[in-house]
$ cat target-v2.cif   # mmCIF, C-alpha atoms
data_start
loop_
_atom_site.label_atom_id
_atom_site.label_comp_id
_atom_site.auth_asym_id
_atom_site.auth_seq_id
_atom_site.Cartn_x
_atom_site.Cartn_y
_atom_site.Cartn_z
CA MET A 26 148.49 161.37 105.42
CA SER A 27 147.99 165.12 105.51
CA SER A 28 144.52 166.62 105.13
CA GLU A 29 145.70 168.35 101.94
CA ALA A 30 146.85 165.05 100.39
CA SER A 31 143.58 163.40 101.44
CA SER A 32 141.61 166.19 99.77
CA ASP A 33 143.60 165.83 96.54
CA ALA A 34 142.98 162.08 96.48
CA SER A 35 139.25 162.45 97.05
CA SER A 36 138.92 165.02 94.24
CA ARG A 37 140.40 162.72 91.60
CA LEU A 38 138.18 160.81 89.21
CA ALA A 39 138.56 157.06 88.91
CA PRO A 40 140.25 155.98 85.67
CA GLY A 41 138.02 155.29 82.68
CA LEU A 42 135.87 157.00 80.07
CA TYR A 43 133.34 159.69 81.02
CA ILE A 44 130.71 160.57 78.39
CA VAL A 45 129.79 164.20 79.10
CA ALA A 46 126.70 165.89 77.65
CA GLY A 47 127.29 169.59 76.99
CA PRO A 48 124.80 172.38 76.25
CA ILE A 49 123.16 172.62 72.81
CA GLY A 50 123.15 176.40 72.99
CA ASN A 51 122.64 177.92 76.42
CA LEU A 52 125.77 177.41 78.54
CA SER A 53 123.63 177.44 81.69
CA ASP A 54 122.29 174.02 80.69
CA LEU A 55 125.61 172.39 81.60
CA THR A 56 124.87 170.24 84.65
CA PRO A 57 126.92 170.62 87.85
CA ARG A 58 128.06 167.00 87.57
CA ALA A 59 129.21 167.49 83.98
CA ALA A 60 131.12 170.63 84.99
CA GLU A 61 132.83 168.75 87.82
CA ILE A 62 133.95 165.97 85.48
CA LEU A 63 135.37 168.51 83.05
CA ARG A 64 137.33 170.11 85.92
CA LEU A 65 138.68 166.83 87.29
CA ALA A 66 139.35 164.73 84.18
CA ASP A 67 142.96 164.16 83.24
CA VAL A 68 142.20 164.89 79.57
CA VAL A 69 139.15 165.90 77.53
CA ALA A 70 138.60 164.41 74.07
CA VAL A 71 136.74 166.97 71.93
CA GLU A 72 135.48 167.44 68.36
CA ASP A 73 136.82 170.98 67.99
CA THR A 74 139.18 172.51 70.53
CA ARG A 75 138.03 176.04 69.66
CA VAL A 76 134.40 175.23 70.40
CA SER A 77 135.09 173.22 73.54
CA ALA A 78 137.55 175.76 74.98
CA LYS A 79 134.65 178.14 75.61
CA LEU A 80 132.68 175.49 77.48
CA LEU A 81 135.69 174.43 79.55
CA ARG A 82 136.26 178.04 80.58
CA HIS A 83 132.59 178.28 81.59
CA ALA A 84 133.00 175.11 83.68
CA GLY A 85 136.16 176.47 85.33
CA SER A 86 138.28 173.74 83.75
CA ASP A 87 141.89 174.04 82.65
CA ARG A 88 142.21 170.39 81.59
CA PRO A 89 144.16 169.61 78.40
CA MET A 90 142.16 168.77 75.27
CA ILE A 91 142.79 166.16 72.58
CA PRO A 92 140.96 166.33 69.21
CA TYR A 93 138.74 163.31 68.59
CA HIS A 94 136.26 163.49 65.69
CA ASP A 95 135.03 161.88 62.44
CA HIS A 96 138.47 161.96 60.87
CA SER A 97 140.46 160.62 63.83
CA ASP A 98 142.17 157.36 62.97
CA GLU A 99 142.30 154.17 65.01
CA ARG A 100 145.66 155.10 66.54
CA VAL A 101 144.16 158.15 68.27
CA ARG A 102 141.36 156.00 69.66
CA SER A 103 143.82 153.33 70.78
CA ARG A 104 145.97 155.87 72.65
CA LEU A 105 142.91 157.23 74.46
CA VAL A 106 141.87 153.72 75.50
CA ASP A 107 145.41 153.06 76.78
CA ARG A 108 145.27 156.26 78.87
CA MET A 109 141.98 155.13 80.44
CA ALA A 110 143.86 152.41 82.29
CA GLY A 111 145.24 155.00 84.71
CA GLU A 112 143.54 158.28 83.81
CA ALA A 113 140.06 159.77 83.55
CA VAL A 114 139.23 160.63 79.93
CA ALA A 115 136.18 162.84 79.34
CA LEU A 116 134.45 162.69 75.94
CA LEU A 117 132.80 165.93 74.81
CA CYS A 118 131.15 166.81 71.48
CA ASP A 119 130.55 170.29 70.09
CA ALA A 120 126.96 170.39 71.33
CA GLY A 121 124.64 168.08 73.23
CA THR A 122 125.17 164.42 74.01
CA PRO A 123 128.17 162.58 72.51
CA LEU A 124 127.45 159.51 70.34
CA ILE A 125 124.21 161.00 68.95
CA SER A 126 125.03 161.30 65.24
CA ASP A 127 128.79 161.27 65.84
CA PRO A 128 131.50 158.56 65.92
CA GLY A 129 131.88 158.37 69.70
CA TYR A 130 130.38 154.88 69.86
CA LYS A 131 133.64 153.45 68.52
CA LEU A 132 135.52 154.83 71.51
CA VAL A 133 132.95 153.36 73.92
CA ARG A 134 133.09 150.02 72.11
CA ASP A 135 136.89 149.82 72.29
CA ALA A 136 136.96 151.02 75.90
CA ARG A 137 134.56 148.27 76.95
CA ALA A 138 136.50 145.67 74.96
CA ALA A 139 139.65 146.71 76.86
CA GLY A 140 137.87 146.39 80.21
CA ARG A 141 137.83 150.14 80.94
CA ALA A 142 135.11 151.66 83.12
CA VAL A 143 132.56 153.72 81.16
CA THR A 144 130.38 156.35 82.86
CA THR A 145 127.84 158.79 81.43
CA ALA A 146 126.88 162.25 82.66
CA PRO A 147 123.56 162.73 80.83
CA GLY A 148 122.22 166.09 79.78
CA PRO A 149 120.94 168.09 76.78
CA CYS A 150 120.18 166.46 73.41
CA ALA A 151 118.82 168.40 70.42
CA MET A 152 116.82 165.40 69.20
CA ILE A 153 114.87 165.06 72.46
CA ALA A 154 114.48 168.81 72.89
CA ALA A 155 113.00 169.20 69.39
CA LEU A 156 110.68 166.26 69.92
CA THR A 157 109.27 167.85 73.07
CA LEU A 158 108.81 171.20 71.30
CA SER A 159 107.10 169.77 68.21
CA GLY A 160 103.69 168.90 69.65
CA LEU A 161 103.85 165.59 67.75
CA PRO A 162 103.42 162.10 69.29
CA THR A 163 106.33 161.11 71.53
CA ASP A 164 105.26 157.62 72.59
CA ARG A 165 107.18 156.04 69.71
CA PHE A 166 109.88 157.72 67.64
CA LEU A 167 112.88 156.95 65.44
CA PHE A 168 116.02 159.05 65.14
CA MET A 169 117.17 159.15 61.49
CA GLY A 170 120.23 161.40 61.80
CA PHE A 171 121.20 163.22 58.58
CA LEU A 172 119.65 162.08 55.30
CA PRO A 173 122.07 161.18 52.47
CA ASN A 174 123.06 163.96 50.06
CA LYS A 175 122.25 162.10 46.84
CA GLU A 176 118.62 162.11 45.72
CA LYS A 177 118.27 158.35 45.19
CA ALA A 178 119.91 157.43 48.49
CA ARG A 179 117.76 160.02 50.27
CA GLY A 180 114.59 158.61 48.73
CA ASP A 181 115.60 155.06 49.58
CA ALA A 182 116.25 155.98 53.21
CA LEU A 183 112.81 157.60 53.49
CA ALA A 184 111.09 154.68 51.73
CA GLU A 185 112.48 152.30 54.33
CA VAL A 186 110.49 154.00 57.09
CA MET A 187 107.43 155.30 55.24
CA GLY A 188 105.14 152.65 56.76
CA LEU A 189 106.50 152.93 60.29
CA ARG A 190 103.89 154.25 62.72
CA ALA A 191 106.27 156.43 64.65
CA THR A 192 107.40 160.03 64.75
CA LEU A 193 110.62 160.54 62.78
CA VAL A 194 113.42 162.89 63.85
CA PHE A 195 116.10 164.19 61.45
CA TYR A 196 119.13 166.45 61.81
CA GLU A 197 119.66 168.85 58.93
CA SER A 198 121.74 171.81 57.78
CA GLY A 199 120.09 175.10 56.90
CA PRO A 200 120.83 175.10 53.13
CA ARG A 201 119.43 171.56 52.69
CA THR A 202 116.28 172.04 54.77
CA GLY A 203 113.88 173.02 51.95
CA LYS A 204 114.92 170.17 49.64
CA SER A 205 114.84 167.63 52.45
CA LEU A 206 111.32 168.68 53.47
CA ALA A 207 110.15 168.40 49.85
CA ALA A 208 111.72 164.93 49.56
CA MET A 209 110.01 163.84 52.77
CA ALA A 210 106.65 165.03 51.46
CA GLY A 211 107.24 163.21 48.18
CA VAL A 212 107.96 159.86 49.82
CA LEU A 213 106.19 159.98 53.19
CA GLY A 214 103.15 162.02 52.15
CA ASP A 215 102.11 165.44 53.40
CA ARG A 216 102.38 164.74 57.14
CA GLU A 217 102.33 167.09 60.10
CA ALA A 218 105.85 168.24 60.94
CA ALA A 219 107.96 170.74 62.83
CA VAL A 220 111.26 172.48 62.09
CA ALA A 221 113.21 173.52 65.20
CA ARG A 222 116.27 175.75 65.10
CA GLU A 223 118.58 177.50 67.58
CA ILE A 224 117.17 175.40 70.43
CA SER A 225 117.80 176.98 73.87
CA LYS A 226 119.41 180.05 72.25
CA THR A 227 118.11 183.62 72.09
CA PHE A 228 116.46 183.15 68.69
CA GLU A 229 114.95 179.70 69.28
CA GLU A 230 112.23 179.04 66.71
CA VAL A 231 109.83 176.17 66.03
CA ALA A 232 107.79 176.27 62.80
CA THR A 233 104.92 173.80 62.47
CA GLY A 234 102.69 172.76 59.59
CA THR A 235 102.56 170.06 56.94
CA LEU A 236 105.69 168.94 55.12
CA LEU A 237 104.61 170.72 51.93
CA GLU A 238 103.85 173.94 53.80
CA LEU A 239 107.23 173.86 55.50
CA ALA A 240 109.01 172.92 52.26
CA GLU A 241 107.48 175.99 50.61
CA ARG A 242 108.41 178.17 53.58
CA TYR A 243 112.09 177.21 53.40
CA ALA A 244 112.42 176.67 49.62
CA ASP A 245 114.04 180.08 49.03
CA ASN A 246 114.64 181.06 52.64
CA ALA A 247 117.14 178.67 54.18
CA PRO A 248 117.00 178.76 57.99
CA ARG A 249 120.14 179.52 59.96
CA GLY A 250 121.69 177.48 62.72
CA GLU A 251 121.39 173.81 63.65
CA ILE A 252 118.14 172.32 62.34
CA VAL A 253 116.01 169.45 63.67
CA ILE A 254 113.05 168.24 61.61
CA VAL A 255 110.34 166.25 63.36
CA VAL A 256 107.79 164.39 61.21
CA GLY A 257 104.59 162.91 62.60
CA PRO A 258 103.53 159.29 61.99
CA PRO A 259 101.28 158.37 59.05
CA SER A 260 97.60 159.11 59.55
CA ASP A 261 95.23 156.30 60.49
CA GLU A 262 92.73 157.78 58.06
CA PRO A 263 92.72 156.27 54.54
CA VAL A 264 94.26 158.57 51.94
CA ALA A 265 91.80 159.69 49.26
CA ALA A 266 94.42 160.09 46.57
CA ALA A 267 93.87 162.10 43.43
CA GLU A 268 95.01 160.36 40.23
CA GLU A 269 97.62 163.03 39.55
CA ASP A 270 99.07 162.57 43.06
CA VAL A 271 99.41 158.83 42.52
CA ASP A 272 101.04 159.36 39.12
CA ALA A 273 103.46 161.89 40.61
CA ALA A 274 104.35 159.47 43.39
CA LEU A 275 104.90 156.66 40.87
CA LEU A 276 107.15 158.81 38.72
CA ASP A 277 109.16 159.89 41.75
CA ALA A 278 109.54 156.29 42.93
CA MET A 279 110.47 155.01 39.46
CA ALA A 280 113.30 157.53 39.32
CA ARG A 281 114.85 155.54 42.15
CA LEU A 282 113.44 152.03 41.84
CA PRO A 283 112.35 149.40 39.31
CA ALA A 284 108.66 149.67 38.36
CA SER A 285 107.61 146.68 40.50
CA LYS A 286 109.22 148.07 43.65
CA ALA A 287 107.97 151.57 42.88
CA ALA A 288 104.43 150.21 42.65
CA GLY A 289 104.84 148.46 46.00
CA GLU A 290 106.12 151.63 47.66
CA VAL A 291 103.25 153.76 46.37
CA ALA A 292 100.69 151.05 47.17
CA LYS A 293 101.84 151.06 50.79
CA ARG A 294 101.74 154.83 50.96
CA PHE A 295 98.22 155.27 49.52
CA GLY A 296 96.64 151.98 50.55
CA LEU A 297 96.03 151.00 46.91
CA GLU A 298 96.27 147.71 45.04
CA ARG A 299 99.84 146.95 44.00
CA ARG A 300 99.02 145.19 40.72
CA ALA A 301 96.92 148.09 39.44
CA LEU A 302 99.71 150.50 40.33
CA TYR A 303 102.25 148.34 38.52
CA ASP A 304 100.10 148.43 35.38
CA ARG A 305 99.83 152.21 35.72
CA ALA A 306 103.61 152.46 36.24
CA MET A 307 104.20 150.60 32.98
CA GLU A 308 101.81 152.96 31.18
CA LEU A 309 103.69 155.97 32.52
CA LYS A 310 107.00 154.41 31.59
CA GLU A 311 105.89 153.75 28.02
CA GLY A 312 104.25 157.19 27.74
#

$ encode --input "target-v2.cif" --output "structure tokens"
Amino acid sequence: MSSEASSDASSRLAPGLYIVAGPIGNLSDLTPRAAEILRLADVVAVEDTRVSAKLLRHAGSDRPMIPYHDHSDERVRSRLVDRMAGEAVALLCDAGTPLISDPGYKLVRDARAAGRAVTTAPGPCAMIAALTLSGLPTDRFLFMGFLPNKEKARGDALAEVMGLRATLVFYESGPRTGKSLAAMAGVLGDREAAVAREISKTFEEVATGTLLELAERYADNAPRGEIVIVVGPPSDEPVAAAEEDVDAALLDAMARLPASKAAGEVAKRFGLERRALYDRAMELKEG
């Protein structure tokens, strides 16, 4: 075998799926290993070819791209899994690590079920970056992704985790940021929080304060760019709740839940007696 042929063989990637983390803003954050995979893969599955074309050029890659995103049907996924039998397929999302708040897990699941090799090239992730920037506890945290659009579903999702002693991390869009912060304050209480935007870019910004302070800041001034909201865990200190605050919390909860469940939610939040809150809820309902 010639030295040229030997070199070509050694530069090929083994068949399978390669999960490639891309930058979340600064192209320099692309790791050398990730760049090499993008140069050597037989095909790159991407969310948006226009976005990924810029990154591939930065990596020195001329590999063909195939769209793979939320709206891709099972046939697209099946064809990619079939190709993995003899080719290296790289999976790339628009920013950061694939599978974090995107449908990539289905491709990994089907690849493993078909016996394909799956490899990851770890790198940037907006969730982790925002958590480290927030100054909030990092020993225990929960990623919540995007909250639902509808008010009741949003409140229900927050109520599920209101008693969890962990830092919560959310992805959000600029126009929804103010309303989401206000909803968090209404259900979770006025906790310490941080809003991170444009992470690793020229205009990176992290605003800190309580949820109510941040909700007021962004109520009529929607932030631009990709937003990550980090919310601290509930305080260990008992909440000295004013009567009007308890009533407001009950009314908010009853807009989403039956009175008995609303009383339980508010009791957990304020450390109050559930039966007394149920009686108060019925008074408010009748009034």

$ residues_around --input "target-v2.cif" --residues "region 288-298 of chain A" --least-positions-apart "4" --cutoff "10 Å" --atoms "all atoms listed in the file" --output "tab-separated table (two decimals) with C-alpha atoms, in the coordinates of the input"
chain	number	residue	atom	x	y	z
A	184	ALA	CA	111.09	154.68	51.73
A	185	GLU	CA	112.48	152.30	54.33
A	187	MET	CA	107.43	155.30	55.24
A	188	GLY	CA	105.14	152.65	56.76
A	212	VAL	CA	107.96	159.86	49.82
A	213	LEU	CA	106.19	159.98	53.19
A	214	GLY	CA	103.15	162.02	52.15
A	259	PRO	CA	101.28	158.37	59.05
A	263	PRO	CA	92.72	156.27	54.54
A	264	VAL	CA	94.26	158.57	51.94
A	265	ALA	CA	91.80	159.69	49.26
A	266	ALA	CA	94.42	160.09	46.57
A	270	ASP	CA	99.07	162.57	43.06
A	271	VAL	CA	99.41	158.83	42.52
A	272	ASP	CA	101.04	159.36	39.12
A	273	ALA	CA	103.46	161.89	40.61
A	274	ALA	CA	104.35	159.47	43.39
A	275	LEU	CA	104.90	156.66	40.87
A	276	LEU	CA	107.15	158.81	38.72
A	277	ASP	CA	109.16	159.89	41.75
A	278	ALA	CA	109.54	156.29	42.93
A	279	MET	CA	110.47	155.01	39.46
A	282	LEU	CA	113.44	152.03	41.84
A	283	PRO	CA	112.35	149.40	39.31
A	284	ALA	CA	108.66	149.67	38.36
A	302	LEU	CA	99.71	150.50	40.33
A	303	TYR	CA	102.25	148.34	38.52
A	304	ASP	CA	100.10	148.43	35.38
A	305	ARG	CA	99.83	152.21	35.72
A	306	ALA	CA	103.61	152.46	36.24
A	307	MET	CA	104.20	150.60	32.98

$ closest_residue --input "target-v2.cif" --among "A:Ala60, A:Ser159, A:Glu223, A:Met169" --to "Val186 (chain A)" --atoms "only C-alpha atoms"
A:Met169

$ residues_around --input "target-v2.cif" --residues "Glu72 (chain A)" --least-positions-apart "6" --cutoff "6 Å" --atoms "only C-alpha atoms" --output "list in words"
Pro92, Tyr93, His94, Cys118 and Asp119 of chain A

$ residues_around --input "target-v2.cif" --residues "Gly234 (chain A)" --least-positions-apart "6" --cutoff "12 Å" --atoms "all atoms listed in the file" --output "PyMOL selection string"
chain A and resi 159-161+206+210+215-221+240-242+254-257

$ atom_distance --input "target-v2.cif" --atom1 "CA of Ser225 (chain A)" --atom2 "CA of Leu183 (chain A)"
28.6 Å

$ resolve_selection --input "target-v2.cif" --expression "the PyMOL selection byres ((chain A and resi 150) around 7)" --output "PyMOL selection string"
chain A and resi 49+121-122+148-149+151-154

$ closest_residue --input "target-v2.cif" --among "A:Ala178, A:Arg249, A:Tyr196, A:Ala267" --to "Arg281 (chain A)" --atoms "all atoms listed in the file"
A:Ala178

$ atom_distance --input "target-v2.cif" --atom1 "CA of Asn246 (chain A)" --atom2 "CA of Leu167 (chain A)"
27.4 Å

$ build_atoms --input "target-v2.cif" --residues "region 141-152 of chain A" --atoms "all heavy atoms" --output "PDB file, in the frame of the given file"
ATOM      1  N   ARG A 141     137.820 148.840  80.265  1.00  0.00           N
ATOM      2  CA  ARG A 141     137.830 150.140  80.940  1.00  0.00           C
ATOM      3  C   ARG A 141     136.426 150.462  81.485  1.00  0.00           C
ATOM      4  O   ARG A 141     135.413 150.057  80.914  1.00  0.00           O
ATOM      5  CB  ARG A 141     138.248 151.254  79.989  1.00  0.00           C
ATOM      6  CG  ARG A 141     139.524 150.982  79.214  1.00  0.00           C
ATOM      7  CD  ARG A 141     140.741 150.870  80.127  1.00  0.00           C
ATOM      8  NE  ARG A 141     141.952 150.799  79.329  1.00  0.00           N
ATOM      9  CZ  ARG A 141     142.830 149.811  79.401  1.00  0.00           C
ATOM     10  NH1 ARG A 141     142.642 148.814  80.258  1.00  0.00           N
ATOM     11  NH2 ARG A 141     143.913 149.812  78.637  1.00  0.00           N
ATOM     12  N   ALA A 142     136.390 151.214  82.564  1.00  0.00           N
ATOM     13  CA  ALA A 142     135.110 151.660  83.120  1.00  0.00           C
ATOM     14  C   ALA A 142     134.535 152.751  82.231  1.00  0.00           C
ATOM     15  O   ALA A 142     135.265 153.630  81.754  1.00  0.00           O
ATOM     16  CB  ALA A 142     135.315 152.181  84.538  1.00  0.00           C
ATOM     17  N   VAL A 143     133.236 152.712  81.972  1.00  0.00           N
ATOM     18  CA  VAL A 143     132.560 153.720  81.160  1.00  0.00           C
ATOM     19  C   VAL A 143     131.402 154.314  81.958  1.00  0.00           C
ATOM     20  O   VAL A 143     130.552 153.586  82.463  1.00  0.00           O
ATOM     21  CB  VAL A 143     132.027 153.123  79.839  1.00  0.00           C
ATOM     22  CG1 VAL A 143     131.306 154.195  79.014  1.00  0.00           C
ATOM     23  CG2 VAL A 143     133.168 152.507  79.026  1.00  0.00           C
ATOM     24  N   THR A 144     131.403 155.641  82.082  1.00  0.00           N
ATOM     25  CA  THR A 144     130.380 156.350  82.860  1.00  0.00           C
ATOM     26  C   THR A 144     129.767 157.446  81.998  1.00  0.00           C
ATOM     27  O   THR A 144     130.459 158.054  81.177  1.00  0.00           O
ATOM     28  CB  THR A 144     131.023 157.005  84.104  1.00  0.00           C
ATOM     29  OG1 THR A 144     131.678 155.991  84.876  1.00  0.00           O
ATOM     30  CG2 THR A 144     129.977 157.697  84.964  1.00  0.00           C
ATOM     31  N   THR A 145     128.474 157.706  82.172  1.00  0.00           N
ATOM     32  CA  THR A 145     127.840 158.790  81.430  1.00  0.00           C
ATOM     33  C   THR A 145     127.326 159.873  82.376  1.00  0.00           C
ATOM     34  O   THR A 145     126.855 159.564  83.475  1.00  0.00           O
ATOM     35  CB  THR A 145     126.678 158.280  80.548  1.00  0.00           C
ATOM     36  OG1 THR A 145     126.186 159.353  79.743  1.00  0.00           O
ATOM     37  CG2 THR A 145     125.532 157.738  81.386  1.00  0.00           C
ATOM     38  N   ALA A 146     127.455 161.103  81.949  1.00  0.00           N
ATOM     39  CA  ALA A 146     126.880 162.250  82.660  1.00  0.00           C
ATOM     40  C   ALA A 146     125.823 162.834  81.728  1.00  0.00           C
ATOM     41  O   ALA A 146     126.118 163.690  80.904  1.00  0.00           O
ATOM     42  CB  ALA A 146     127.954 163.284  82.994  1.00  0.00           C
ATOM     43  N   PRO A 147     124.584 162.348  81.802  1.00  0.00           N
ATOM     44  CA  PRO A 147     123.560 162.730  80.830  1.00  0.00           C
ATOM     45  C   PRO A 147     123.173 164.196  80.917  1.00  0.00           C
ATOM     46  O   PRO A 147     123.361 164.850  81.943  1.00  0.00           O
ATOM     47  CB  PRO A 147     122.379 161.818  81.192  1.00  0.00           C
ATOM     48  CG  PRO A 147     122.588 161.478  82.630  1.00  0.00           C
ATOM     49  CD  PRO A 147     124.073 161.435  82.833  1.00  0.00           C
ATOM     50  N   GLY A 148     122.614 164.686  79.813  1.00  0.00           N
ATOM     51  CA  GLY A 148     122.220 166.090  79.780  1.00  0.00           C
ATOM     52  C   GLY A 148     121.514 166.422  78.481  1.00  0.00           C
ATOM     53  O   GLY A 148     120.811 165.580  77.919  1.00  0.00           O
ATOM     54  N   PRO A 149     121.682 167.640  77.947  1.00  0.00           N
ATOM     55  CA  PRO A 149     120.940 168.090  76.780  1.00  0.00           C
ATOM     56  C   PRO A 149     121.167 167.236  75.532  1.00  0.00           C
ATOM     57  O   PRO A 149     122.243 166.683  75.318  1.00  0.00           O
ATOM     58  CB  PRO A 149     121.472 169.508  76.553  1.00  0.00           C
ATOM     59  CG  PRO A 149     121.985 169.943  77.884  1.00  0.00           C
ATOM     60  CD  PRO A 149     122.543 168.704  78.503  1.00  0.00           C
ATOM     61  N   CYS A 150     120.111 167.153  74.698  1.00  0.00           N
ATOM     62  CA  CYS A 150     120.180 166.460  73.410  1.00  0.00           C
ATOM     63  C   CYS A 150     119.190 167.150  72.478  1.00  0.00           C
ATOM     64  O   CYS A 150     117.995 167.236  72.785  1.00  0.00           O
ATOM     65  CB  CYS A 150     119.823 164.981  73.587  1.00  0.00           C
ATOM     66  SG  CYS A 150     119.728 164.071  72.029  1.00  0.00           S
ATOM     67  N   ALA A 151     119.662 167.640  71.344  1.00  0.00           N
ATOM     68  CA  ALA A 151     118.820 168.400  70.420  1.00  0.00           C
ATOM     69  C   ALA A 151     117.649 167.563  69.914  1.00  0.00           C
ATOM     70  O   ALA A 151     116.536 168.078  69.723  1.00  0.00           O
ATOM     71  CB  ALA A 151     119.650 168.903  69.252  1.00  0.00           C
ATOM     72  N   MET A 152     117.885 166.268  69.688  1.00  0.00           N
ATOM     73  CA  MET A 152     116.820 165.400  69.200  1.00  0.00           C
ATOM     74  C   MET A 152     115.643 165.370  70.171  1.00  0.00           C
ATOM     75  O   MET A 152     114.484 165.565  69.787  1.00  0.00           O
ATOM     76  CB  MET A 152     117.358 163.980  69.005  1.00  0.00           C
ATOM     77  CG  MET A 152     116.277 162.943  68.747  1.00  0.00           C
ATOM     78  SD  MET A 152     116.925 161.265  68.644  1.00  0.00           S
ATOM     79  CE  MET A 152     117.597 161.020  70.286  1.00  0.00           C
TER      80      MET A 152
END
